[in-house]
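Trainee: The following block contains the structure, expressed as structure tokens.
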Amino acid sequence: MVFDVVVSRQRKYHKVVLPRVEKWAAAGDPSLARLAQSQVQAEQFGLQRTEPVTLQTVAANLLAFCRDQAISEDEGCRAWADGVQGLEHAPKLDPIVGGVSGIGPALFAYMRMRCGSDALKPDLRVAGALRKLGFDVPGDEHSILVVARAAAAELGVSLLVLDQLLWGRDG
């Protein structure tokens, strides 16, 4: 999950991200513990030079959170994601994921989504899909989140469902 989120930054998901995630998973146990202890080589996975540090730091922070809470990785990731709800516009206030270099509002939201929380990734794909539906959406993450929250409320769906509906429409 952490590998997927960090590697997805400004990359085509099906063509680039999924093959890299599959390569990571095929190399061994795809747990937080392994990622936190691994020295992921940027060139091996086609990463930018700073992304391995982002991967390792996020995994180590989430793993420490899970251990502090004495819960499994899955339970801990969900607890973290639900616990930072409300920080979508200020992810840097979260020291576990949002405060890690290389994590911005879109990746912060995507990490929450992948952890099972109600979130929407405020990226160009979502903005474009909302525009195609007739919404006036400025391109910044904050505006995308505000418009998406209003659209989800109008439709009576969660942000996570809206994201998936928009992905199906535009992805």
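Chain labels run A, B, ... following the order of the structure tokens; each chain numbers its residues from 1, and ligands are numbered from 1 in the order shown.
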If we count only C-alpha atoms and set the cut-off at 9 Å, which residues sit around Trp80 in chain A, ignoring sequence neighbours fewer than 6 positions away in its own chain? Please answer as a list of chain:residue names.

Mentor: A:Leu62, A:Phe65, A:Cys66, A:Ile96, A:Arg112, A:Cys115

Trainee: Output N, CA, C and O atoms for every residue in the selection just made, as a CSV table (one decimal), in the first residue's frame.

Mentor:
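Generated output (part.csv):
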chain,number,residue,atom,x,y,z
A,62,LEU,N,4.4,4.5,10.1
A,62,LEU,CA,3.1,3.8,10.3
A,62,LEU,C,3.4,2.5,11.2
A,62,LEU,O,2.5,2.2,12.0
A,65,PHE,N,3.5,3.6,14.7
A,65,PHE,CA,2.2,3.9,15.2
A,65,PHE,C,1.5,2.6,15.5
A,65,PHE,O,0.8,2.5,16.6
A,66,CYS,N,1.5,1.6,14.7
A,66,CYS,CA,0.9,0.3,14.9
A,66,CYS,C,1.4,-0.4,16.2
A,66,CYS,O,0.7,-0.9,17.0
A,96,ILE,N,3.1,11.5,11.0
A,96,ILE,CA,3.2,10.1,10.6
A,96,ILE,C,3.4,9.9,9.1
A,96,ILE,O,4.3,9.3,8.6
A,112,ARG,N,-4.8,7.7,2.8
A,112,ARG,CA,-6.0,7.5,3.7
A,112,ARG,C,-7.0,6.5,2.9
A,112,ARG,O,-7.6,5.6,3.5
A,115,CYS,N,-5.8,3.0,3.1
A,115,CYS,CA,-6.0,2.5,4.4
A,115,CYS,C,-7.4,2.2,4.8
A,115,CYS,O,-7.7,1.7,5.9

Trainee: Taking only C-alpha atoms into account, name the residue in A:Gln10, A:Ser31, A:Thr50, A:Gln41 that is nearest to Val100 in chain A.

Mentor: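 Using only C-alpha atoms, the shortest distance to Val100 in chain A belongs to A:Thr50.
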
Trainee: In Å, with one decimal, what is the gap from CA of Ser101 in chain A to CA of Arg20 in chain A?

Mentor: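 Going from CA of Ser101 in chain A over to CA of Arg20 in chain A covers 21.0 Å.
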
Trainee: If I take CA of Leu124 in chain A and CA of Ala25 in chain A, how far is one from the other in Å, to one decimal?

Mentor: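 Separation between CA of Leu124 in chain A and CA of Ala25 in chain A: 27.5 Å.
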
Trainee: Near Arg11 in chain A, within 12 Å and counting only C-alpha atoms, which residues show up once chain neighbours fewer than 3 positions away are dropped, as a ChimeraX atom specification?

Mentor: /A:4-8,14-20,46-48,123-125

Trainee: Tell me which protein, DNA and RNA residues are within 10 Å of Gly98 in chain A, counting only C-alpha atoms, leaving out same-chain ones fewer than 3 positions away, and put them as a list in words.

Mentor: Val58, Val84, Leu87, Glu88, Ala90, Pro91, Lys92, Leu93, Asp94, Pro95, Ser101, Gly102, Ile103, Gly104, Pro105, Leu107, Phe108, Ala109 and Met111 of chain A

Trainee: For the residues in the current selection, export N, CA, C and O atoms as a PDB file, in the first residue's frame.

Mentor:
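Okay, this is what ended up in again_28.pdb:
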ATOM      1  N   VAL A  58       7.722   6.709   5.633  1.00  0.00           N
ATOM      2  CA  VAL A  58       6.285   6.494   5.840  1.00  0.00           C
ATOM      3  C   VAL A  58       6.038   5.113   6.438  1.00  0.00           C
ATOM      4  O   VAL A  58       5.274   4.971   7.404  1.00  0.00           O
ATOM      5  N   VAL A  84      -6.732  10.975  11.221  1.00  0.00           N
ATOM      6  CA  VAL A  84      -6.270  12.234  10.624  1.00  0.00           C
ATOM      7  C   VAL A  84      -7.332  12.876   9.731  1.00  0.00           C
ATOM      8  O   VAL A  84      -7.044  13.859   9.039  1.00  0.00           O
ATOM      9  N   LEU A  87      -7.582  16.695   8.374  1.00  0.00           N
ATOM     10  CA  LEU A  87      -6.297  17.315   8.034  1.00  0.00           C
ATOM     11  C   LEU A  87      -6.060  17.361   6.527  1.00  0.00           C
ATOM     12  O   LEU A  87      -4.955  17.653   6.084  1.00  0.00           O
ATOM     13  N   GLU A  88      -7.089  17.101   5.739  1.00  0.00           N
ATOM     14  CA  GLU A  88      -6.939  17.060   4.285  1.00  0.00           C
ATOM     15  C   GLU A  88      -6.338  18.341   3.725  1.00  0.00           C
ATOM     16  O   GLU A  88      -5.591  18.314   2.754  1.00  0.00           O
ATOM     17  N   ALA A  90      -4.417  20.396   5.486  1.00  0.00           N
ATOM     18  CA  ALA A  90      -3.160  20.692   6.188  1.00  0.00           C
ATOM     19  C   ALA A  90      -2.445  19.398   6.565  1.00  0.00           C
ATOM     20  O   ALA A  90      -2.199  19.132   7.738  1.00  0.00           O
ATOM     21  N   PRO A  91      -2.102  18.558   5.578  1.00  0.00           N
ATOM     22  CA  PRO A  91      -1.518  17.256   5.895  1.00  0.00           C
ATOM     23  C   PRO A  91      -0.180  17.339   6.631  1.00  0.00           C
ATOM     24  O   PRO A  91       0.186  16.407   7.347  1.00  0.00           O
ATOM     25  N   LYS A  92       0.538  18.433   6.495  1.00  0.00           N
ATOM     26  CA  LYS A  92       1.835  18.561   7.165  1.00  0.00           C
ATOM     27  C   LYS A  92       1.689  18.552   8.684  1.00  0.00           C
ATOM     28  O   LYS A  92       2.668  18.354   9.404  1.00  0.00           O
ATOM     29  N   LEU A  93       0.461  18.747   9.193  1.00  0.00           N
ATOM     30  CA  LEU A  93       0.227  18.681  10.638  1.00  0.00           C
ATOM     31  C   LEU A  93       0.303  17.254  11.167  1.00  0.00           C
ATOM     32  O   LEU A  93       0.424  17.037  12.363  1.00  0.00           O
ATOM     33  N   ASP A  94       0.240  16.289  10.268  1.00  0.00           N
ATOM     34  CA  ASP A  94       0.339  14.880  10.654  1.00  0.00           C
ATOM     35  C   ASP A  94       1.794  14.433  10.557  1.00  0.00           C
ATOM     36  O   ASP A  94       2.339  14.369   9.454  1.00  0.00           O
ATOM     37  N   PRO A  95       2.428  14.092  11.682  1.00  0.00           N
ATOM     38  CA  PRO A  95       3.835  13.705  11.637  1.00  0.00           C
ATOM     39  C   PRO A  95       4.081  12.298  11.091  1.00  0.00           C
ATOM     40  O   PRO A  95       5.204  11.977  10.712  1.00  0.00           O
ATOM     41  N   SER A 101       8.622  14.263   3.938  1.00  0.00           N
ATOM     42  CA  SER A 101       9.014  14.880   2.682  1.00  0.00           C
ATOM     43  C   SER A 101       8.610  13.978   1.512  1.00  0.00           C
ATOM     44  O   SER A 101       8.861  12.771   1.531  1.00  0.00           O
ATOM     45  N   GLY A 102       7.966  14.577   0.508  1.00  0.00           N
ATOM     46  CA  GLY A 102       7.510  13.818  -0.653  1.00  0.00           C
ATOM     47  C   GLY A 102       6.033  13.481  -0.610  1.00  0.00           C
ATOM     48  O   GLY A 102       5.486  12.966  -1.576  1.00  0.00           O
ATOM     49  N   ILE A 103       5.388  13.776   0.513  1.00  0.00           N
ATOM     50  CA  ILE A 103       3.948  13.530   0.645  1.00  0.00           C
ATOM     51  C   ILE A 103       3.226  14.872   0.646  1.00  0.00           C
ATOM     52  O   ILE A 103       3.439  15.701   1.522  1.00  0.00           O
ATOM     53  N   GLY A 104       2.404  15.078  -0.356  1.00  0.00           N
ATOM     54  CA  GLY A 104       1.587  16.286  -0.429  1.00  0.00           C
ATOM     55  C   GLY A 104       0.132  15.938  -0.196  1.00  0.00           C
ATOM     56  O   GLY A 104      -0.192  14.798   0.168  1.00  0.00           O
ATOM     57  N   PRO A 105      -0.761  16.878  -0.421  1.00  0.00           N
ATOM     58  CA  PRO A 105      -2.191  16.629  -0.176  1.00  0.00           C
ATOM     59  C   PRO A 105      -2.761  15.442  -0.950  1.00  0.00           C
ATOM     60  O   PRO A 105      -3.553  14.672  -0.411  1.00  0.00           O
ATOM     61  N   LEU A 107      -1.165  12.665  -2.198  1.00  0.00           N
ATOM     62  CA  LEU A 107      -0.673  11.384  -1.688  1.00  0.00           C
ATOM     63  C   LEU A 107      -1.160  11.119  -0.274  1.00  0.00           C
ATOM     64  O   LEU A 107      -1.430   9.970   0.090  1.00  0.00           O
ATOM     65  N   PHE A 108      -1.294  12.168   0.531  1.00  0.00           N
ATOM     66  CA  PHE A 108      -1.856  12.022   1.876  1.00  0.00           C
ATOM     67  C   PHE A 108      -3.274  11.455   1.789  1.00  0.00           C
ATOM     68  O   PHE A 108      -3.628  10.496   2.475  1.00  0.00           O
ATOM     69  N   ALA A 109      -4.088  12.033   0.905  1.00  0.00           N
ATOM     70  CA  ALA A 109      -5.464  11.564   0.730  1.00  0.00           C
ATOM     71  C   ALA A 109      -5.479  10.145   0.158  1.00  0.00           C
ATOM     72  O   ALA A 109      -6.277   9.301   0.589  1.00  0.00           O
ATOM     73  N   MET A 111      -3.223   7.847   0.539  1.00  0.00           N
ATOM     74  CA  MET A 111      -2.824   6.922   1.605  1.00  0.00           C
ATOM     75  C   MET A 111      -4.017   6.634   2.512  1.00  0.00           C
ATOM     76  O   MET A 111      -4.250   5.485   2.893  1.00  0.00           O
TER      77      MET A 111
END

Trainee: I need the residue nearest Leu55 in chain A from this list: A:Met1, A:Ala119, A:Leu130, A:Ala70. Use only C-alpha atoms for the distance.

Mentor: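 For Leu55 in chain A, the nearest of the candidates is A:Met1.
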
Trainee: For each of A:Arg149, A:Lys23, A:Lys132, A:Lys121, take the minimum atom-to-atom distance to Arg9 in chain A, counting only C-alpha atoms, then give the residue where this is smallest.

Mentor: A:Lys121

Trainee: If we count only C-alpha atoms, what is near range 152-162 of chain A at a cut-off of 9 Å, once residues fewer than 6 positions away on the same chain are taken out, given as a ChimeraX atom specification?

Mentor: /A:113,116-121

Trainee: If you measure from CA of Asp163 in chain A to CA of Glu22 in chain A, what distance in Å do you get, rounded to one decimal?

Mentor: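 Between CA of Asp163 in chain A and CA of Glu22 in chain A the gap is 23.1 Å.
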
Trainee: Would you mind writing down, as a PyMOL selection string, each residue of range 6-108 of chain A that DSSP on the backbone assigns to helix (DSSP H, G or I)?

Mentor: chain A and resi 6-7+13-26+32-37+42-45+51-69+73-83+91-93+105-108

Trainee: Compare A:Val2, A:Gln85, A:Ala33, A:Trp167 by their minimum atom-to-atom distance to Arg67 in chain A, counting only C-alpha atoms, and give me the closest one.

Mentor: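 Closest to Arg67 in chain A of all the choices is A:Ala33.
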
Trainee: Between A:Trp24, A:Ser72, A:Val147, A:Phe3, which is the closest to Val53 in chain A once you count only C-alpha atoms?

Mentor: A:Phe3
